[in-house]
Protein chains: 2
Amino acid sequence: MRKINPHGFKVARRGTSREINRQIALNLVRAHQPISRADLARLMNVRRGVASLLVSELLDEGLIFEGALGEAVGRGRRPTFLYIDSRQRCVVGVDIRASRTYIMLTDLMGRQLSMVSSFQTNHDVDGFMQDLVRRVKQVLIDYKEIGACEGVGVVVPGMVDLAADRVLHAPALGWRDVNLRDPLTNLLGIPVHIENSGKACALAQLWTTRSDVIASGNSVFVSVSDGVGTGIIVNGELLRGRHNAAGEFGHVPLSIDGPRCACGATGCWEAYVSNIATLSRYFGRDLSEQKPRDTETAAFTVEDLIARARAGDAKALAAINSTARYLGLGLASIVNAVDPARIYVGGEITTAWSLIEPIVRSALRERTLTEFGGVTEIHVVPAEEHPRLRGAVALVAAPAFAAPMVA
Amino acid sequence: MRKINPHGFKVARRGTSREINRQIALNLVRAHQPISRADLARLMNVRRGVASLLVSELLDEGLIFEGALGEAVGRGRRPTFLYIDSRQRCVVGVDIRASRTYIMLTDLMGRQLSMVSSFQTNHDVDGFMQDLVRRVKQVLIDYKEIGACEGVGVVVPGMVDLAADRVLHAPALGWRDVNLRDPLTNLLGIPVHIENSGKACALAQLWTTRSDVIASGNSVFVSVSDGVGTGIIVNGELLRGRHNAAGEFGHVPLSIDGPRCACGATGCWEAYVSNIATLSRYFGRDLSEQKPRDTETAAFTVEDLIARARAGDAKALAAINSTARYLGLGLASIVNAVDPARIYVGGEITTAWSLIEPIVRSALRERTLTEFGGVTEIHVVPAEEHPRLRGAVALVAAPAFAAPMVA
DNA sequence: AGGTATATGTTCCTTGTTTAGACAAAATAC
DNA sequence: GTATTTTGTCTAAACAAGGAACATATACCT
């Protein structure tokens with residue numbers, strides 16, 4: 001039951017119905033390709049004539065194309081299969097992280113076309129942009145047979161202001177109020193989109209075309225690594241809030257008297273479950289402060305910790321179990337606040353999911369208000385799926401498939 | 001940028017445009033009444049002919065009516081004013097609270113028609129329903145000249161399952177898995193709608209017709225009394241979640257090692273800022289456990305405490321200031337999670353707003369991730385506005401004005 | 001008092017979109 | 001070789017917005 005905003009409504013024009021049905025048809029091709037006009041008409045519950053008109057419009061615009069004829073099931077004419085036209089078009093996804101920056105080339109459906117390459121992240125903004133532009137141009141040259149690039153999606157571990165197109169604050173990079181978009185757009189001559197990494201991961205799950213992922217209902221993506229990023233999907237749309245700052249559950253407290261967090265406050269969820277927090281627990285001292293870590297801890301990662309835990313290191317296991325418990329307690333806040341249909345969890349710690357799942361689950365159950373909240377679906381998104389990069393790509397590819405604004 | 005759900009979409013039919021524009025017109029009449037057809041056409045940016053057709057459709061259905069002619073501004077024919085037709089129709093709002101239950105009669109716009117009456121809440125469900133039915137029938141007889149009752153909206157301090165039409169759990173009443181709706185509908189012969197009180201308060205703010213309230217952007221209602229209820233509005237729609245359990249920020253922790261909460265967990269925000277928590281702080285002992293409170297504390301309310309604080313009682317002021325601080329810290333979680341355009345706060349503690357506002361604000365700023373989060377608008381909703389009762393009424397009156405589902 | 005200008009509300013025609021059904025083309029079954 | 005079935009196209013009907021003309025009603029001007 002949505003209220004019509006008496007100041008910002010959108011009247012239905014003569015072409016509005018067409019526009020709506022066109023986007024539905026496009027999305028159905030995307031979801032079910034290859035698909036015939038007749039099947040499209042059946043799915044949409046309209047006459048074949050209407051589907052045919054919608055299809056010819058999409059064909060004219062080059063959004064879809066006619067492929068080979070399909071096999072007839074019983075008797076009758078063979079269907080002509082339709083596909084999203086991703087030939088001669090590609091998208092570049094960029095994932096900026098504290099230590100390294102990753103690049104991937106995909107088609108419009110988000111299917112991976114290149115290997116994921118990476119380079120060291122220069123924390124100097126101008127230097128970084130030069131590096132990035134060189135790398136992106138190189139990738140486009142290496143794969144130039146794939147065709148024109150529709151856009152570049154860039155994901156950063158920090159707050160992004162969409163209205164002013166600025167990275168407001170990315171503590172891991174030491175960036176404040178940085179305009180990446182306009183300089184990059186100028187240097188590359190391709191549209192560039194910037195977004196926060198947690199939000200982008202949620203977008204990646206929303207726009208994924210894998211048939212086993214059901215998109216309906218609200219969902220939340222929680223990314224646990226150096227920080228904790230979250231993105232919330234409500235009604236098929238990313239929850240952005242007034243300043244694109246919504247979804248920061250990483251800084252909802254577990255205990256306001258808890259350990260100091262990178263954000264300046266104390267006891268944030270992030271301060272309990274981030275990789276640094278987990279490692280700090282293992283080493284018995286706060287690693288977040290020491291910039292160049294000492295030799296023992298410098299190259300030691302959460303993956304290493306998990307390996308030790310699996311090998312029988314009781315201290316390692318205890319550190320991981322603590323993180324698991326705090327993870328579940330924090331997820332309970334998300335469940336109580338949003339009551340999502342499912343939660344996606346990504347990050348290094350998920351490689352130990354078989355070890356930690358029962359602990360996460362019981363901690364979740366401990367603090368959720370309802371029984372069904374305690375059994376909320378939790379899906380692990382492995383690093384190999386590159387959720388951040390797929391989210392970066394979705395920034396570019398998704399708008400063409402979005403529902404028109406109406407009423 | 002909303003994704004079209006490839007399984008639950010809605011195709012635009014021949015009548016869809018009309019349906020959309022009809023609802024827009026209806027909402028504009030509601031928001032701007034009295035209004036002429038010509039003004040409606042100007043607001044909607046359509047020809048007067050279209051507006052005229054939409055209006056005559058709404059007239060035929062009896063949703064609006066033509067009133068007196070307005071005054072011509074300059075020269076020219078005088079406009080015929082249109083109004084929402086709330087003559088001969090009314091709505092009953094019911095607010096069930098732990099000690100007393102309140103009833104109010106309104107028109108379809110939510111304008112108060114009767115005084116607010118109340119009776120003691122019988123915690124026995126059957127006995128309560130008998131009481132309620134008698135009272136509702138009496139009100140409808142007392143005001144029978146107003147006309148037929150369109151429905152009864154009931155608000156309860158607990159979790160409500162909309163799919164199964166049940167009150168799942170209302171701790172303050174001791175109710176579990178109670179079906180109020182069907183028996184009441186049968187006994188009254190009028191449609192009955194049930195909803196959680198925090199969610200209803202949010203609906204009341206969303207659907208209010210006061211011109212000074214801007215509805216755009218996301219907003220959150222926080223109701224602080226025996227418990228803490230919250231309702232979240234996203235894109236003009238109440239955030240319900242999978243089981244209508246979303247928005248329970250009252251049970252997001254401030255400190256997981258904090259005081260025990262009525263929900264069974266520890267350190268929930270509610271356990272810090274509820275009226276009982278505030279009073280417990282003043283009296284220096286936990287009042288939540290003692291069912292019949294001792295003589296000193298039995299009839300002592302937060303209002304009394306505020307009166308003492310204003311009179312110079314340092315202990316009372318300290319208790320209130322503590323609550324204020326915890327209130328702000330909890331609001332910070334909401335701001336970090338939802339980044340709303342504004343927060344509405346209701347409850348007894350708000351009568352001390354002038355005392356506590358600076359403390360709430362500074363606590364909020366302390367834990368919000370961004371500077372703009374710290375200055376999020378906070379609006380106090382005084383008890384005289386009866387947010388719960390207006391929300392109950394909105395349950396009945398709002399659906400007629402809701403946007404049609406599209407795409 | 002009468003004419004002119006202007007605003008409101010209705011009516012008619014045009015354009016574009018869904019709905020419904022007929023029809024040709026293509027493939028299989030008998 | 002004929003009948004049947006499926007796909008895709010085409011045509012007409014119903015209906016909604018877009019646009020303009022027209023009747024009605026009021027105020028201003030001479």
# chains A, B, ... in the order shown; residues from 1 in each chain; ligands from 1
$ interface_residues --of "chain A" --to "chain D" --cutoff "7 Å" --atoms "only C-alpha atoms (C1' of nucleotides)" --output "number ranges by chain"
A: 13-14, 38, 75-79
$ closest_atom_pairs --of "chain C" --to "chain A" --cutoff "7 Å" --atoms "only C-alpha atoms (C1' of nucleotides)" --output "Markdown table"
| residue | atom | partner | partner_atom | distance |
| --- | --- | --- | --- | --- |
| C:DG16 | C1' | A:Arg14 | CA | 6.8 |
| C:DT17 | C1' | A:Arg18 | CA | 7.0 |
| C:DA26 | C1' | A:Arg77 | CA | 4.3 |
| C:DA27 | C1' | A:Gly76 | CA | 4.4 |
| C:DT28 | C1' | A:Arg75 | CA | 4.1 |
$ write_last_selection --atoms "C-alpha atoms (C1' of nucleotides)" --output "tab-separated table (two decimals), in the first residue's frame"
chain	number	residue	atom	x	y	z
C	16	DG	C1'	-1.49	5.60	-29.85
C	17	DT	C1'	-2.08	1.25	-27.17
C	26	DA	C1'	6.01	-23.83	-40.99
C	27	DA	C1'	6.50	-28.14	-38.84
C	28	DT	C1'	4.83	-32.77	-37.18
$ closest_residue --among "B:Val192, B:Ala200, B:Leu369, B:Val125" --to "chain A" --atoms "only C-alpha atoms"
B:Leu369
$ atom_distance --atom1 "atom CA of Ala262 of chain B" --atom2 "atom CA of Pro171 of chain B"
7.8 Å
$ closest_residue --among "B:Asn218, B:Thr370, B:Ser56, B:Asn27" --to "DT10 of chain C" --atoms "only C-alpha atoms (C1' of nucleotides)"
B:Ser56
$ residues_around --residues "Ser36 of chain B" --least-positions-apart "4" --cutoff "7 Å" --atoms "only C-alpha atoms (C1' of nucleotides)" --output "ChimeraX atom specification"
/B:40,79-82
$ select_by_dssp --residues "segment 173-307 of chain A" --states "strand (DSSP E)" --output "list of chain:residue names"
A:Trp175, A:Arg176, A:Asp177, A:Val178, A:Val192, A:His193, A:Ile194, A:Glu195, A:Asn196, A:Ser219, A:Val220, A:Phe221, A:Val222, A:Ser223, A:Val224, A:Val228, A:Gly229, A:Thr230, A:Gly231, A:Ile232, A:Ile233, A:Val234, A:Glu237, A:Leu238
$ atom_distance --atom1 "atom CA of Tyr326 of chain A" --atom2 "atom CA of Val360 of chain A"
7.7 Å
$ atom_distance --atom1 "atom CA of Arg2 of chain A" --atom2 "atom CA of Ala403 of chain B"
5.4 Å
$ closest_residue --among "A:Arg135, A:Arg100, A:His379, A:His251" --to "chain B" --atoms "only C-alpha atoms"
A:His251
$ residues_around --residues "segment 142-157 of chain B" --least-positions-apart "3" --cutoff "9 Å" --atoms "only C-alpha atoms (C1' of nucleotides)" --output "ChimeraX atom specification"
/B:87-98,105,107-108,113-114,136-139,160,167,169-173,181,185,190-198,200,227,229,388-389,391-397
$ select_by_dssp --residues "segment 82-216 of chain B" --states "helix (DSSP H, G or I)" --output "ChimeraX atom specification"
/B:125-142,144-146,181-188,197-207
$ write_last_selection --atoms "C-alpha atoms" --output "short mmCIF file (atom, residue, chain, number, x, y, z; two decimals), in the first residue's frame"
data_model
loop_
_atom_site.label_atom_id
_atom_site.label_comp_id
_atom_site.auth_asym_id
_atom_site.auth_seq_id
_atom_site.Cartn_x
_atom_site.Cartn_y
_atom_site.Cartn_z
CA VAL B 125 -9.23 -11.90 25.21
CA ASP B 126 -12.89 -12.93 25.12
CA GLY B 127 -13.86 -10.52 27.85
CA PHE B 128 -11.94 -7.76 26.11
CA MET B 129 -13.65 -8.40 22.80
CA GLN B 130 -17.06 -8.20 24.45
CA ASP B 131 -16.12 -4.88 26.06
CA LEU B 132 -14.74 -3.52 22.82
CA VAL B 133 -17.73 -4.54 20.72
CA ARG B 134 -20.11 -2.94 23.21
CA ARG B 135 -18.12 0.30 23.23
CA VAL B 136 -17.74 0.49 19.47
CA LYS B 137 -21.44 -0.14 18.94
CA GLN B 138 -22.24 2.55 21.51
CA VAL B 139 -20.06 5.11 19.74
CA LEU B 140 -21.71 4.30 16.42
CA ILE B 141 -25.14 4.74 18.00
CA ASP B 142 -24.12 8.00 19.69
CA LYS B 144 -25.41 7.59 14.10
CA GLU B 145 -26.28 10.83 12.26
CA ILE B 146 -22.75 10.73 10.86
CA ARG B 181 -9.82 -9.74 13.49
CA ASP B 182 -12.24 -12.46 12.48
CA PRO B 183 -14.28 -12.57 15.72
CA LEU B 184 -14.50 -8.76 15.82
CA THR B 185 -15.51 -8.60 12.16
CA ASN B 186 -18.25 -11.13 12.84
CA LEU B 187 -19.49 -9.45 16.01
CA LEU B 188 -19.48 -5.94 14.54
CA SER B 197 1.22 0.32 17.19
CA GLY B 198 4.65 1.50 16.05
CA LYS B 199 3.83 0.70 12.43
CA ALA B 200 0.45 2.37 12.77
CA CYS B 201 2.04 5.57 14.10
CA ALA B 202 4.29 5.67 11.06
CA LEU B 203 1.24 5.19 8.84
CA ALA B 204 -0.50 8.05 10.64
CA GLN B 205 2.37 10.39 9.79
CA LEU B 206 2.51 9.13 6.21
CA TRP B 207 -1.20 9.56 5.56
#
$ residues_around --residues "Val234 of chain B" --least-positions-apart "5" --cutoff "12 Å" --atoms "only C-alpha atoms (C1' of nucleotides)" --output "number ranges by chain"
A: 1-3, 232-235, 237-242, 246, 338; B: 202-203, 206, 215-221, 239-241, 246-247, 338-342
